[in-house]
$ cat final.cif   # mmCIF, N, CA and C atoms
data_target
#
loop_
_atom_site.label_atom_id
_atom_site.label_comp_id
_atom_site.auth_asym_id
_atom_site.auth_seq_id
_atom_site.Cartn_x
_atom_site.Cartn_y
_atom_site.Cartn_z
N MET A 11 256.44 71.56 -1.01
CA MET A 11 255.01 71.38 -0.84
C MET A 11 254.35 72.63 -0.25
N ASP A 12 255.13 73.46 0.43
CA ASP A 12 254.56 74.66 1.05
C ASP A 12 254.00 75.62 -0.01
N GLU A 13 254.75 75.81 -1.10
CA GLU A 13 254.28 76.71 -2.15
C GLU A 13 253.00 76.16 -2.79
N LEU A 14 252.96 74.87 -3.05
CA LEU A 14 251.77 74.26 -3.63
C LEU A 14 250.60 74.34 -2.66
N GLN A 15 250.85 74.09 -1.38
CA GLN A 15 249.78 74.17 -0.38
C GLN A 15 249.21 75.59 -0.29
N ARG A 16 250.07 76.58 -0.34
CA ARG A 16 249.60 77.97 -0.32
C ARG A 16 248.75 78.27 -1.56
N PHE A 17 249.18 77.77 -2.72
CA PHE A 17 248.43 77.98 -3.95
C PHE A 17 247.07 77.30 -3.88
N ILE A 18 247.02 76.08 -3.35
CA ILE A 18 245.75 75.36 -3.21
C ILE A 18 244.81 76.12 -2.28
N GLU A 19 245.32 76.64 -1.17
CA GLU A 19 244.49 77.43 -0.25
C GLU A 19 243.97 78.70 -0.93
N GLU A 20 244.83 79.33 -1.72
CA GLU A 20 244.42 80.54 -2.43
C GLU A 20 243.27 80.23 -3.41
N VAL A 21 243.40 79.14 -4.16
CA VAL A 21 242.35 78.74 -5.11
C VAL A 21 241.09 78.34 -4.35
N HIS A 22 241.25 77.64 -3.23
CA HIS A 22 240.11 77.19 -2.42
C HIS A 22 239.30 78.37 -1.90
N ASN A 23 239.97 79.46 -1.55
CA ASN A 23 239.28 80.61 -0.97
C ASN A 23 238.61 81.52 -1.99
N LYS A 24 238.87 81.29 -3.29
CA LYS A 24 238.19 82.09 -4.31
C LYS A 24 236.75 81.62 -4.44
N PRO A 25 235.80 82.54 -4.59
CA PRO A 25 234.38 82.17 -4.65
C PRO A 25 234.04 81.26 -5.83
N PHE A 26 233.21 80.27 -5.57
CA PHE A 26 232.72 79.36 -6.60
C PHE A 26 231.77 80.11 -7.52
N ASN A 27 231.94 79.92 -8.82
CA ASN A 27 231.05 80.51 -9.81
C ASN A 27 230.84 79.45 -10.89
N LEU A 28 229.62 79.07 -11.13
CA LEU A 28 229.33 78.00 -12.07
C LEU A 28 229.86 78.29 -13.47
N ALA A 29 229.87 79.55 -13.88
CA ALA A 29 230.29 79.90 -15.23
C ALA A 29 231.79 80.15 -15.38
N SER A 30 232.42 80.72 -14.35
CA SER A 30 233.80 81.15 -14.55
C SER A 30 234.80 80.63 -13.52
N ASN A 31 234.37 80.04 -12.44
CA ASN A 31 235.30 79.53 -11.43
C ASN A 31 234.71 78.29 -10.77
N ASN A 32 234.43 77.29 -11.59
CA ASN A 32 233.82 76.06 -11.07
C ASN A 32 234.89 75.02 -10.79
N CYS A 33 234.48 73.79 -10.57
CA CYS A 33 235.43 72.75 -10.20
C CYS A 33 236.46 72.48 -11.30
N VAL A 34 236.08 72.63 -12.56
CA VAL A 34 237.03 72.41 -13.65
C VAL A 34 238.10 73.49 -13.64
N HIS A 35 237.69 74.75 -13.60
CA HIS A 35 238.65 75.86 -13.61
C HIS A 35 239.63 75.78 -12.45
N LYS A 36 239.11 75.55 -11.26
CA LYS A 36 239.96 75.53 -10.08
C LYS A 36 240.98 74.39 -10.13
N HIS A 37 240.53 73.21 -10.50
CA HIS A 37 241.43 72.05 -10.46
C HIS A 37 242.41 72.02 -11.62
N VAL A 38 242.06 72.59 -12.76
CA VAL A 38 243.03 72.71 -13.86
C VAL A 38 244.18 73.61 -13.41
N ARG A 39 243.86 74.72 -12.75
CA ARG A 39 244.92 75.60 -12.25
C ARG A 39 245.81 74.88 -11.24
N ILE A 40 245.20 74.11 -10.35
CA ILE A 40 245.97 73.39 -9.33
C ILE A 40 246.86 72.33 -9.97
N VAL A 41 246.32 71.58 -10.92
CA VAL A 41 247.11 70.53 -11.59
C VAL A 41 248.29 71.16 -12.35
N ASN A 42 248.03 72.25 -13.06
CA ASN A 42 249.12 72.91 -13.79
C ASN A 42 250.21 73.41 -12.86
N LYS A 43 249.84 74.01 -11.74
CA LYS A 43 250.82 74.50 -10.76
C LYS A 43 251.61 73.33 -10.16
N ALA A 44 250.91 72.25 -9.83
CA ALA A 44 251.59 71.08 -9.25
C ALA A 44 252.60 70.49 -10.23
N ARG A 45 252.23 70.40 -11.49
CA ARG A 45 253.17 69.88 -12.49
C ARG A 45 254.35 70.81 -12.66
N GLU A 46 254.08 72.12 -12.63
CA GLU A 46 255.15 73.12 -12.73
C GLU A 46 256.16 72.95 -11.60
N LEU A 47 255.67 72.55 -10.41
CA LEU A 47 256.54 72.36 -9.25
C LEU A 47 257.12 70.94 -9.18
N GLY A 48 256.83 70.10 -10.18
CA GLY A 48 257.44 68.77 -10.25
C GLY A 48 256.66 67.65 -9.58
N HIS A 49 255.39 67.86 -9.28
CA HIS A 49 254.58 66.81 -8.66
C HIS A 49 253.86 66.00 -9.73
N ASP A 50 253.50 64.77 -9.38
CA ASP A 50 252.68 63.93 -10.24
C ASP A 50 251.23 64.35 -10.02
N ALA A 51 250.62 65.00 -11.01
CA ALA A 51 249.27 65.54 -10.84
C ALA A 51 248.40 65.18 -12.03
N SER A 52 247.14 64.87 -11.74
CA SER A 52 246.17 64.52 -12.77
C SER A 52 244.84 65.18 -12.48
N LEU A 53 244.14 65.56 -13.55
CA LEU A 53 242.78 66.05 -13.44
C LEU A 53 241.87 64.84 -13.55
N MET A 54 241.00 64.68 -12.58
CA MET A 54 240.10 63.53 -12.54
C MET A 54 238.67 63.99 -12.74
N GLY A 55 237.91 63.24 -13.50
CA GLY A 55 236.49 63.50 -13.69
C GLY A 55 235.70 62.34 -13.11
N CYS A 56 234.49 62.60 -12.66
CA CYS A 56 233.68 61.53 -12.07
C CYS A 56 232.21 61.91 -12.10
N ILE A 57 231.39 60.98 -11.71
CA ILE A 57 229.99 61.24 -11.43
C ILE A 57 229.92 61.42 -9.92
N SER A 58 229.38 62.56 -9.49
CA SER A 58 229.34 62.83 -8.06
C SER A 58 227.93 62.66 -7.52
N VAL A 59 227.89 62.19 -6.29
CA VAL A 59 226.63 62.13 -5.54
C VAL A 59 226.82 63.07 -4.36
N ILE A 60 226.03 64.15 -4.37
CA ILE A 60 226.17 65.18 -3.35
C ILE A 60 225.21 64.87 -2.20
N PRO A 61 225.68 64.96 -0.96
CA PRO A 61 224.90 64.47 0.19
C PRO A 61 223.77 65.38 0.65
N ILE A 62 223.03 65.96 -0.27
CA ILE A 62 221.81 66.67 0.11
C ILE A 62 220.67 66.08 -0.72
N THR A 63 219.48 66.15 -0.23
CA THR A 63 218.34 65.55 -0.92
C THR A 63 217.24 66.59 -1.11
N PRO A 64 217.36 67.43 -2.15
CA PRO A 64 216.37 68.49 -2.33
C PRO A 64 215.05 68.02 -2.94
N ALA A 65 215.06 66.94 -3.70
CA ALA A 65 213.86 66.53 -4.44
C ALA A 65 213.36 65.17 -3.98
N GLY A 66 212.54 65.14 -2.97
CA GLY A 66 211.91 63.90 -2.54
C GLY A 66 212.87 62.80 -2.15
N GLY A 67 213.95 63.13 -1.52
CA GLY A 67 214.88 62.11 -1.05
C GLY A 67 215.92 61.69 -2.07
N MET A 68 215.89 62.24 -3.27
CA MET A 68 216.89 61.92 -4.30
C MET A 68 218.08 62.86 -4.15
N PRO A 69 219.29 62.32 -4.02
CA PRO A 69 220.47 63.20 -3.91
C PRO A 69 220.79 63.84 -5.26
N LEU A 70 221.57 64.91 -5.22
CA LEU A 70 222.03 65.55 -6.45
C LEU A 70 223.12 64.69 -7.07
N ILE A 71 222.98 64.36 -8.34
CA ILE A 71 223.94 63.53 -9.05
C ILE A 71 224.35 64.29 -10.31
N GLY A 72 225.65 64.36 -10.56
CA GLY A 72 226.11 65.05 -11.75
C GLY A 72 227.60 64.94 -11.94
N PRO A 73 228.13 65.55 -12.98
CA PRO A 73 229.58 65.49 -13.23
C PRO A 73 230.34 66.34 -12.21
N HIS A 74 231.57 65.94 -11.95
CA HIS A 74 232.41 66.67 -11.01
C HIS A 74 233.87 66.43 -11.38
N PHE A 75 234.73 67.40 -11.12
CA PHE A 75 236.15 67.28 -11.38
C PHE A 75 236.93 67.60 -10.11
N TYR A 76 238.06 66.92 -9.95
CA TYR A 76 238.94 67.15 -8.81
C TYR A 76 240.36 66.82 -9.25
N ALA A 77 241.33 67.02 -8.37
CA ALA A 77 242.73 66.77 -8.71
C ALA A 77 243.27 65.62 -7.86
N LYS A 78 244.21 64.89 -8.45
CA LYS A 78 245.00 63.89 -7.72
C LYS A 78 246.44 64.35 -7.80
N ILE A 79 247.03 64.63 -6.64
CA ILE A 79 248.41 65.09 -6.60
C ILE A 79 249.20 64.13 -5.72
N ASP A 80 250.19 63.50 -6.32
CA ASP A 80 251.02 62.52 -5.63
C ASP A 80 250.16 61.46 -4.93
N GLY A 81 249.10 61.03 -5.59
CA GLY A 81 248.23 59.98 -5.05
C GLY A 81 247.19 60.46 -4.06
N LYS A 82 247.15 61.74 -3.74
CA LYS A 82 246.18 62.26 -2.78
C LYS A 82 245.10 63.07 -3.50
N THR A 83 243.86 62.92 -3.05
CA THR A 83 242.74 63.65 -3.63
C THR A 83 242.71 65.08 -3.11
N VAL A 84 242.62 66.03 -4.04
CA VAL A 84 242.49 67.44 -3.69
C VAL A 84 241.17 67.92 -4.31
N ASP A 85 240.22 68.29 -3.46
CA ASP A 85 238.92 68.77 -3.94
C ASP A 85 238.61 70.08 -3.23
N VAL A 86 238.74 71.18 -3.97
CA VAL A 86 238.51 72.50 -3.39
C VAL A 86 237.49 73.28 -4.21
N SER A 87 236.46 72.60 -4.67
CA SER A 87 235.47 73.22 -5.56
C SER A 87 234.83 74.45 -4.94
N MET A 88 234.30 74.29 -3.75
CA MET A 88 233.61 75.41 -3.10
C MET A 88 234.50 76.03 -2.04
N GLU A 89 234.36 77.34 -1.87
CA GLU A 89 235.14 78.02 -0.85
C GLU A 89 234.65 77.63 0.54
N PRO A 90 235.47 77.80 1.58
CA PRO A 90 235.11 77.35 2.93
C PRO A 90 233.79 77.91 3.45
N GLU A 91 233.47 79.17 3.14
CA GLU A 91 232.22 79.76 3.63
C GLU A 91 231.00 79.05 3.03
N LEU A 92 231.09 78.71 1.75
CA LEU A 92 229.99 78.01 1.09
C LEU A 92 229.88 76.57 1.58
N GLU A 93 231.02 75.96 1.90
CA GLU A 93 231.02 74.59 2.44
C GLU A 93 230.25 74.54 3.77
N LYS A 94 230.39 75.56 4.60
CA LYS A 94 229.70 75.58 5.89
C LYS A 94 228.19 75.59 5.71
N VAL A 95 227.72 76.24 4.64
CA VAL A 95 226.28 76.38 4.41
C VAL A 95 225.69 75.17 3.68
N THR A 96 226.44 74.59 2.74
CA THR A 96 225.89 73.51 1.91
C THR A 96 226.41 72.15 2.34
N TRP A 97 227.56 71.76 1.85
CA TRP A 97 228.17 70.47 2.20
C TRP A 97 229.68 70.59 2.09
N GLU A 98 230.38 69.73 2.77
CA GLU A 98 231.84 69.71 2.72
C GLU A 98 232.29 69.07 1.41
N ASN A 99 233.37 69.57 0.83
CA ASN A 99 233.92 68.98 -0.40
C ASN A 99 234.28 67.51 -0.20
N GLU A 100 234.72 67.16 1.01
CA GLU A 100 235.12 65.78 1.29
C GLU A 100 233.93 64.83 1.36
N ASP A 101 232.72 65.36 1.55
CA ASP A 101 231.53 64.52 1.68
C ASP A 101 230.96 64.07 0.34
N ILE A 102 231.48 64.58 -0.76
CA ILE A 102 230.99 64.20 -2.08
C ILE A 102 231.43 62.76 -2.37
N VAL A 103 230.49 61.94 -2.80
CA VAL A 103 230.80 60.56 -3.20
C VAL A 103 231.17 60.59 -4.67
N ARG A 104 232.36 60.10 -4.99
CA ARG A 104 232.85 60.12 -6.37
C ARG A 104 232.74 58.74 -6.98
N LEU A 105 231.92 58.63 -8.05
CA LEU A 105 231.72 57.35 -8.73
C LEU A 105 232.36 57.39 -10.11
N PHE A 106 232.88 56.28 -10.55
CA PHE A 106 233.45 56.12 -11.89
C PHE A 106 234.51 57.16 -12.21
N PRO A 107 235.57 57.25 -11.42
CA PRO A 107 236.61 58.25 -11.70
C PRO A 107 237.34 57.95 -13.01
N ILE A 108 237.62 59.00 -13.75
CA ILE A 108 238.35 58.90 -15.02
C ILE A 108 239.48 59.91 -14.98
N ASN A 109 240.67 59.46 -15.33
CA ASN A 109 241.82 60.37 -15.38
C ASN A 109 241.73 61.15 -16.69
N VAL A 110 241.20 62.35 -16.62
CA VAL A 110 240.98 63.19 -17.80
C VAL A 110 242.31 63.60 -18.41
N SER A 111 243.35 63.72 -17.61
CA SER A 111 244.65 64.15 -18.11
C SER A 111 245.22 63.16 -19.13
N LYS A 112 244.82 61.92 -19.06
CA LYS A 112 245.38 60.91 -19.96
C LYS A 112 244.52 60.65 -21.19
N LEU A 113 243.36 61.30 -21.28
CA LEU A 113 242.51 61.12 -22.46
C LEU A 113 243.12 61.84 -23.64
N ARG A 114 243.03 61.22 -24.80
CA ARG A 114 243.52 61.85 -26.01
C ARG A 114 242.77 61.25 -27.20
N PRO A 115 242.74 61.93 -28.31
CA PRO A 115 242.08 61.35 -29.48
C PRO A 115 242.81 60.09 -29.94
N MET A 116 242.07 59.14 -30.42
CA MET A 116 242.68 57.89 -30.84
C MET A 116 243.09 57.97 -32.30
N ASN A 117 244.28 57.52 -32.59
CA ASN A 117 244.78 57.43 -33.94
C ASN A 117 244.23 56.13 -34.54
N PRO A 118 243.67 56.16 -35.74
CA PRO A 118 243.10 54.94 -36.32
C PRO A 118 244.08 53.77 -36.39
N GLU A 119 245.37 54.07 -36.62
CA GLU A 119 246.35 52.98 -36.71
C GLU A 119 246.58 52.30 -35.36
N GLU A 120 246.33 53.02 -34.26
CA GLU A 120 246.54 52.46 -32.93
C GLU A 120 245.32 51.72 -32.41
N GLY A 121 244.17 52.04 -32.95
CA GLY A 121 242.92 51.48 -32.43
C GLY A 121 242.55 50.16 -33.06
N PRO A 122 241.40 49.65 -32.67
CA PRO A 122 240.94 48.38 -33.22
C PRO A 122 240.55 48.54 -34.68
N PRO A 123 240.64 47.46 -35.45
CA PRO A 123 240.24 47.56 -36.86
C PRO A 123 238.74 47.74 -36.98
N LEU A 124 238.33 48.33 -38.09
CA LEU A 124 236.90 48.50 -38.35
C LEU A 124 236.29 47.16 -38.76
N PRO A 125 235.00 47.01 -38.59
CA PRO A 125 234.35 45.78 -39.07
C PRO A 125 234.58 45.61 -40.57
N ALA A 126 234.54 44.37 -41.03
CA ALA A 126 234.83 44.05 -42.43
C ALA A 126 233.88 44.77 -43.40
N ALA A 127 232.67 45.09 -42.95
CA ALA A 127 231.71 45.75 -43.83
C ALA A 127 232.13 47.17 -44.18
N LEU A 128 232.97 47.78 -43.36
CA LEU A 128 233.43 49.14 -43.62
C LEU A 128 234.82 49.07 -44.24
N PRO A 129 235.04 49.73 -45.34
CA PRO A 129 236.32 49.60 -46.04
C PRO A 129 237.50 50.22 -45.31
N LYS A 130 237.34 51.41 -44.71
CA LYS A 130 238.44 52.07 -44.01
C LYS A 130 237.89 53.17 -43.13
N TRP A 131 238.74 53.77 -42.31
CA TRP A 131 238.31 54.90 -41.50
C TRP A 131 237.87 56.02 -42.44
N PRO A 132 236.75 56.68 -42.16
CA PRO A 132 236.22 57.67 -43.09
C PRO A 132 237.17 58.82 -43.39
N TRP A 133 237.99 59.24 -42.44
CA TRP A 133 238.86 60.39 -42.65
C TRP A 133 240.24 59.99 -43.16
N LYS A 134 240.49 58.69 -43.28
CA LYS A 134 241.79 58.23 -43.75
C LYS A 134 241.78 58.09 -45.25
N LYS A 135 242.81 58.60 -45.90
CA LYS A 135 242.84 58.55 -47.37
C LYS A 135 243.61 57.35 -47.84
#

$ encode --input "final.cif" --output "structure tokens"
Amino acid sequence: MDELQRFIEEVHNKPFNLASNNCVHKHVRIVNKARELGHDASLMGCISVIPITPAGGMPLIGPHFYAKIDGKTVDVSMEPELEKVTWENEDIVRLFPINVSKLRPMNPEEGPPLPAALPKWPWKK
């Protein structure tokens, strides 16, 4: 766990950048490293409610990604210096979590049948 913890701290200390080093980029790297080291790791997506109210008392609401490693939440989106100025990563309220790591395209044979009005899946020959 020491090597993984050092890697998480290293990723946490890298500056947040909306275009190139955001919550998706950081947590994908952490999940990949954790799996490489033999941990059970998943990339989680959610709707986040951020605890600041810039517009007339309405909090910021939007998509957010974080990691689950061995059942524990790891959220290192913003570096520690930015957390001091804005909000703590732990203060984000996560609604409707989805395990993004387990999402995959559905095979028509595995899914539900189409309604009787449709003859077959459009891409199936």

$ resolve_selection --input "final.cif" --expression "the PyMOL selection byres ((chain A and resi 78-84) around 7)" --output "compact mmCIF listing (two decimals) with N, CA and C atoms, in the frame of the given file"
# COMPACT_ATOMS: atom_id res chain seq x y z
N HIS A 49 255.39 67.86 -9.28
CA HIS A 49 254.58 66.81 -8.66
C HIS A 49 253.86 66.00 -9.73
N ASP A 50 253.50 64.77 -9.38
CA ASP A 50 252.68 63.93 -10.24
C ASP A 50 251.23 64.35 -10.02
N ALA A 51 250.62 65.00 -11.01
CA ALA A 51 249.27 65.54 -10.84
C ALA A 51 248.40 65.18 -12.03
N SER A 52 247.14 64.87 -11.74
CA SER A 52 246.17 64.52 -12.77
C SER A 52 244.84 65.18 -12.48
N LEU A 53 244.14 65.56 -13.55
CA LEU A 53 242.78 66.05 -13.44
C LEU A 53 241.87 64.84 -13.55
N MET A 54 241.00 64.68 -12.58
CA MET A 54 240.10 63.53 -12.54
C MET A 54 238.67 63.99 -12.74
N TYR A 76 238.06 66.92 -9.95
CA TYR A 76 238.94 67.15 -8.81
C TYR A 76 240.36 66.82 -9.25
N ALA A 77 241.33 67.02 -8.37
CA ALA A 77 242.73 66.77 -8.71
C ALA A 77 243.27 65.62 -7.86
N ASP A 85 240.22 68.29 -3.46
CA ASP A 85 238.92 68.77 -3.94
C ASP A 85 238.61 70.08 -3.23
N VAL A 86 238.74 71.18 -3.97
CA VAL A 86 238.51 72.50 -3.39
C VAL A 86 237.49 73.28 -4.21
N SER A 87 236.46 72.60 -4.67
CA SER A 87 235.47 73.22 -5.56
C SER A 87 234.83 74.45 -4.94

$ atom_distance --input "final.cif" --atom1 "atom CA of Cys33 of chain A" --atom2 "atom CA of Val59 of chain A"
14.6 Å

$ atom_distance --input "final.cif" --atom1 "atom CA of His35 of chain A" --atom2 "atom CA of His22 of chain A"
11.4 Å

$ atom_distance --input "final.cif" --atom1 "atom CA of Phe26 of chain A" --atom2 "atom CA of Met68 of chain A"
23.7 Å

$ select_by_dssp --input "final.cif" --residues "segment 43-110 of chain A" --states "strand (DSSP E)" --output "PyMOL selection string"
chain A and resi 51-65+68-79+82-84+103-109

$ closest_residue --input "final.cif" --among "A:Ile71, A:Val38, A:Pro61, A:Lys112" --to "Trp97 of chain A" --atoms "all atoms listed in the file"
A:Pro61

$ select_by_dssp --input "final.cif" --residues "chain A" --states "helix (DSSP H, G or I)" --output "PyMOL selection string"
chain A and resi 12-23+33-46+90-95+99-101+110-112

$ residues_near_point --input "final.cif" --point "(234.4, 81.0, -7.4)" --cutoff "12 Å" --atoms "only C-alpha atoms" --output "ChimeraX atom specification"
/A:20-37,86-92

$ closest_residue --input "final.cif" --among "A:Val103, A:Leu70, A:Ile60, A:Leu14" --to "Lys43 of chain A" --atoms "only C-alpha atoms"
A:Leu14

$ resolve_selection --input "final.cif" --expression "the PyMOL selection byres (((chain A and resi 106 and name CA) around 12) and name CA)" --output "VMD selection string"
chain A and resid 54 to 59 72 to 75 103 to 105 107 to 110

$ write_last_selection --input "final.cif" --atoms "N, CA and C atoms" --output "CSV table (one decimal), in the coordinates of the input"
chain,number,residue,atom,x,y,z
A,54,MET,N,241.0,64.7,-12.6
A,54,MET,CA,240.1,63.5,-12.5
A,54,MET,C,238.7,64.0,-12.7
A,55,GLY,N,237.9,63.2,-13.5
A,55,GLY,CA,236.5,63.5,-13.7
A,55,GLY,C,235.7,62.3,-13.1
A,56,CYS,N,234.5,62.6,-12.7
A,56,CYS,CA,233.7,61.5,-12.1
A,56,CYS,C,232.2,61.9,-12.1
A,57,ILE,N,231.4,61.0,-11.7
A,57,ILE,CA,230.0,61.2,-11.4
A,57,ILE,C,229.9,61.4,-9.9
A,58,SER,N,229.4,62.6,-9.5
A,58,SER,CA,229.3,62.8,-8.1
A,58,SER,C,227.9,62.7,-7.5
A,59,VAL,N,227.9,62.2,-6.3
A,59,VAL,CA,226.6,62.1,-5.5
A,59,VAL,C,226.8,63.1,-4.4
A,72,GLY,N,225.6,64.4,-10.6
A,72,GLY,CA,226.1,65.0,-11.8
A,72,GLY,C,227.6,64.9,-11.9
A,73,PRO,N,228.1,65.6,-13.0
A,73,PRO,CA,229.6,65.5,-13.2
A,73,PRO,C,230.3,66.3,-12.2
A,74,HIS,N,231.6,65.9,-12.0
A,74,HIS,CA,232.4,66.7,-11.0
A,74,HIS,C,233.9,66.4,-11.4
A,75,PHE,N,234.7,67.4,-11.1
A,75,PHE,CA,236.2,67.3,-11.4
A,75,PHE,C,236.9,67.6,-10.1
A,103,VAL,N,230.5,61.9,-2.8
A,103,VAL,CA,230.8,60.6,-3.2
A,103,VAL,C,231.2,60.6,-4.7
A,104,ARG,N,232.4,60.1,-5.0
A,104,ARG,CA,232.8,60.1,-6.4
A,104,ARG,C,232.7,58.7,-7.0
A,105,LEU,N,231.9,58.6,-8.0
A,105,LEU,CA,231.7,57.4,-8.7
A,105,LEU,C,232.4,57.4,-10.1
A,107,PRO,N,235.6,57.2,-11.4
A,107,PRO,CA,236.6,58.2,-11.7
A,107,PRO,C,237.3,58.0,-13.0
A,108,ILE,N,237.6,59.0,-13.8
A,108,ILE,CA,238.4,58.9,-15.0
A,108,ILE,C,239.5,59.9,-15.0
A,109,ASN,N,240.7,59.5,-15.3
A,109,ASN,CA,241.8,60.4,-15.4
A,109,ASN,C,241.7,61.2,-16.7
A,110,VAL,N,241.2,62.4,-16.6
A,110,VAL,CA,241.0,63.2,-17.8
A,110,VAL,C,242.3,63.6,-18.4

$ closest_residue --input "final.cif" --among "A:Val41, A:Ile62, A:Leu113, A:Leu47" --to "Asp101 of chain A" --atoms "only C-alpha atoms"
A:Ile62
